[in-house]
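Below you'll find the structure, written out as structure tokens, and then a few comments.
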Amino acid sequence: MTDSLYILGGRQRKRLLKEEEEWTLYDKAVVLEVNPKEQTVLTCLEYETPAEARFRDESSVLFKAGTLRGNQLYACTSTEVLIYEVPSFNLRGYISLPCFNDLHHVTITPHGRILIANTGLDMVLEVNLNGEILREWDVLGEHSWSRFSRTVDYRKVETTKPHRSHPNFVFTLGDEVWVTRAQQKDAICLTDSERRIPIGNEYVHDGHLHNGMIYFTSVDSCVIIVDQKRLGVVDVIDLKTIDNSAGALLGWCRGLRVVDERHVWVGFTRVRKTRFKENINWVKHVGRDLSKPARIALYDIVARKCLMEVDVEQYGMNVVFSILPTVPSRSELRSDDFEAVRVPA
């Protein structure tokens with residue numbers, strides 16, 4: 001439970017003004033390697049989206065939720081999918097398409113295809129390593145392009161908010177493709193419209209499979225466990241009842257690493273005011289700094305205890321999206337043999 005972890009997120013831009021809009025708030029995408037046992041934190045990668053793939057110089061750059069398969073890290077910014085070989089962090093693949101806007105998660109299917117939560121367009125995309133779109137789903141069950149235009153470069157659109165659904169995490173159950181929908185507070189099967197998991201009272205994230213269960217988070221600091229076969233909630237762990245230091249908000253809860261049935265790492269991001277107040281309607285007292293710093297925390301969800309925390313703000317990360325295991329050293333790995341791909345705009 002104390003092995004090293006990769007943390008994906010972003011660094012907050014230093015500002016002279018008080019404006020804090022999420023689409024201009026972060027200036028670098030960051031990957032940290034945290035070793036809780038040794039109490040060390042290393043910066044593995046800092047990245048900036050090139051001008052051709054973002055709206056303007058001040059547009060936010062951060063890593064959203066990613067996936068590790070073997071020694072390949074699949075990461076995404078708001079407008080790009082990047083494939084890194086780890087632990088070297090050599091870039092092996094790159095995809096940026098005009099329809100990309102506010103991507104929130106990228107993962108890989110058992111068949112080697114890429115699934116993307118294209119949050120800004122309320123869609124999920126399936127693409128190959130060459131960036132060719134194989135399938136696309138509107139997560140509300142409507143025609144994929146009923147509200148958007150195929151001729152617009154959405155990388156150059158600052159925001160499409162408010163979103164009607166806000167899909168943010170894609171996972172597969174066998175050959176089924178599923179996605180969490182924040183606004184609907186559920187997960188739905190995109191390949192079988194009859195299958196749905198109602199999850200909770202607040203916005204949901206994640207969707208990690210472990211030993212027949214699916215683990216979700218909700219932004220108000222809950223871990224929700226769902227039985228994979230019955231698609232029903234079997235447990236809700238309210239982290240606020242475990243770790244409520246002097247009544248402080250734990251933070252925007254997002255990012256989950258299931259170690260075993262007893263232990264989970266959970267990510268938190270400091271809650272701040274935004275233009276879209278409905279996104280934090282679960283916050284009762286809104287101040288300038290609403291919550292504890294960005295961090296990851298290890299919980300024993302059986303004993304209902306917080307075992308340790310790592311503050312990542314002091315290491316230049318102000319938003320947390322993913323917590324992933326690290327991989328062995330380069331000498332112990334066999335590199336997958338595919339060439340880097342860059343898809344023209």
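Identifiers for the structure tokens are assigned positionally: chains receive A, B, ... in sequence, residues are indexed from 1 per chain, and ligands are indexed from 1 in the order shown.
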Neighbours of A:Glu46 within 7 Å (only C-alpha atoms; same-chain residues fewer than 2 positions away dropped), as a list in words?
->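 So the residues in contact are Lys28, Ala29, Val30 and Val31 of chain A.
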Can you check which parts of stretch 170-251 of chain A lie within 12 Å of stretch 127-151 of chain A? Per residue, the shortest pair of atoms and distance in Å to one decimal, counting only C-alpha atoms, sorted by chain and number, as CSV.
```
residue,atom,partner,partner_atom,distance
A:Val170,CA,A:Val139,CA,11.2
A:Val177,CA,A:Trp137,CA,10.2
A:Trp178,CA,A:Val139,CA,9.8
A:Val179,CA,A:Val139,CA,8.1
A:Thr180,CA,A:Val139,CA,9.3
A:Arg181,CA,A:Val139,CA,7.9
A:Ala182,CA,A:Val139,CA,11.1
A:Gln183,CA,A:Leu140,CA,10.8
A:Gln184,CA,A:Leu140,CA,9.6
A:Asp186,CA,A:Val139,CA,11.3
A:Ala187,CA,A:Val139,CA,10.0
A:Ile188,CA,A:Val139,CA,8.1
A:Cys189,CA,A:Val139,CA,9.2
A:Leu190,CA,A:Trp137,CA,7.0
A:Thr191,CA,A:Trp137,CA,9.1
A:Asp192,CA,A:Gly141,CA,10.9
A:Ser193,CA,A:Gly141,CA,8.1
A:Glu194,CA,A:Gly141,CA,11.3
A:Arg196,CA,A:Val139,CA,11.8
```
Step one, run DSSP on the backbone; step two, keep only residues of stretch 122-308 of chain A assigned to helix (DSSP H, G or I); then write them as a ChimeraX atom specification.
-> /A:154-156,239-241,245-247,277-280
Would you put the residues from that selection into a file with C-alpha atoms, as a CSV table (one decimal), in the first residue's frame?
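Output file out-v7.csv follows:
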```csv
chain,number,residue,atom,x,y,z
A,154,TYR,CA,-13.4,23.1,-30.6
A,155,ARG,CA,-9.8,23.2,-29.5
A,156,LYS,CA,-10.1,26.9,-30.3
A,239,LEU,CA,-14.7,10.3,4.1
A,240,LYS,CA,-15.9,13.5,5.9
A,241,THR,CA,-16.9,11.3,8.9
A,245,SER,CA,-10.3,18.3,10.7
A,246,ALA,CA,-11.9,21.2,12.6
A,247,GLY,CA,-14.8,21.1,10.1
A,277,LYS,CA,-21.5,28.1,-8.6
A,278,GLU,CA,-23.8,25.1,-9.2
A,279,ASN,CA,-20.7,23.0,-9.4
A,280,ILE,CA,-20.0,23.6,-5.7
```
Leaving out A:Arg56 and any residue of its chain fewer than 6 positions from it, which residues lie within 12 Å of it when counting only C-alpha atoms, given as a list in words?
->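 In the requested format, the answer is Trp23, Thr24, Asp27, Thr49, Pro50, Arg155, Lys156, Val157, Glu158 and Thr159 of chain A.
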Excluding stretch 231-238 of chain A and residues on its chain fewer than 3 positions from it, collect all residues at most 8 Å away from it, counting only C-alpha atoms, and give them as a VMD selection string.
-> chain A and resid 196 to 199 221 to 228 241 to 242 301
Would you mind exporting the chosen residues as a PDB file, in the first residue's frame, restricted to C-alpha atoms?
```pdb
ATOM      1  CA  ARG A 196     -27.339   2.156 -15.850  1.00  0.00           C
ATOM      2  CA  ILE A 197     -25.882   2.573 -12.367  1.00  0.00           C
ATOM      3  CA  PRO A 198     -27.451   5.321 -10.219  1.00  0.00           C
ATOM      4  CA  ILE A 199     -24.628   6.285  -7.896  1.00  0.00           C
ATOM      5  CA  SER A 221     -15.701  13.180  -0.455  1.00  0.00           C
ATOM      6  CA  CYS A 222     -17.413   9.815  -0.737  1.00  0.00           C
ATOM      7  CA  VAL A 223     -16.153   6.505  -2.103  1.00  0.00           C
ATOM      8  CA  ILE A 224     -19.006   4.466  -3.557  1.00  0.00           C
ATOM      9  CA  ILE A 225     -18.635   0.716  -4.131  1.00  0.00           C
ATOM     10  CA  VAL A 226     -20.886  -0.993  -6.668  1.00  0.00           C
ATOM     11  CA  ASP A 227     -21.319  -4.720  -7.271  1.00  0.00           C
ATOM     12  CA  GLN A 228     -20.239  -5.379 -10.842  1.00  0.00           C
ATOM     13  CA  THR A 241     -16.936  11.298   8.873  1.00  0.00           C
ATOM     14  CA  ILE A 242     -13.427   9.823   9.003  1.00  0.00           C
ATOM     15  CA  ILE A 301     -12.091   1.870   4.480  1.00  0.00           C
TER      16      ILE A 301
END
```
As number ranges by chain, list the residues of stretch 14-89 of chain A assigned to strand (DSSP E or B) by DSSP on the backbone atoms of this structure.
-> A: 26-35, 40-47, 65, 67-69, 72-76, 81-85
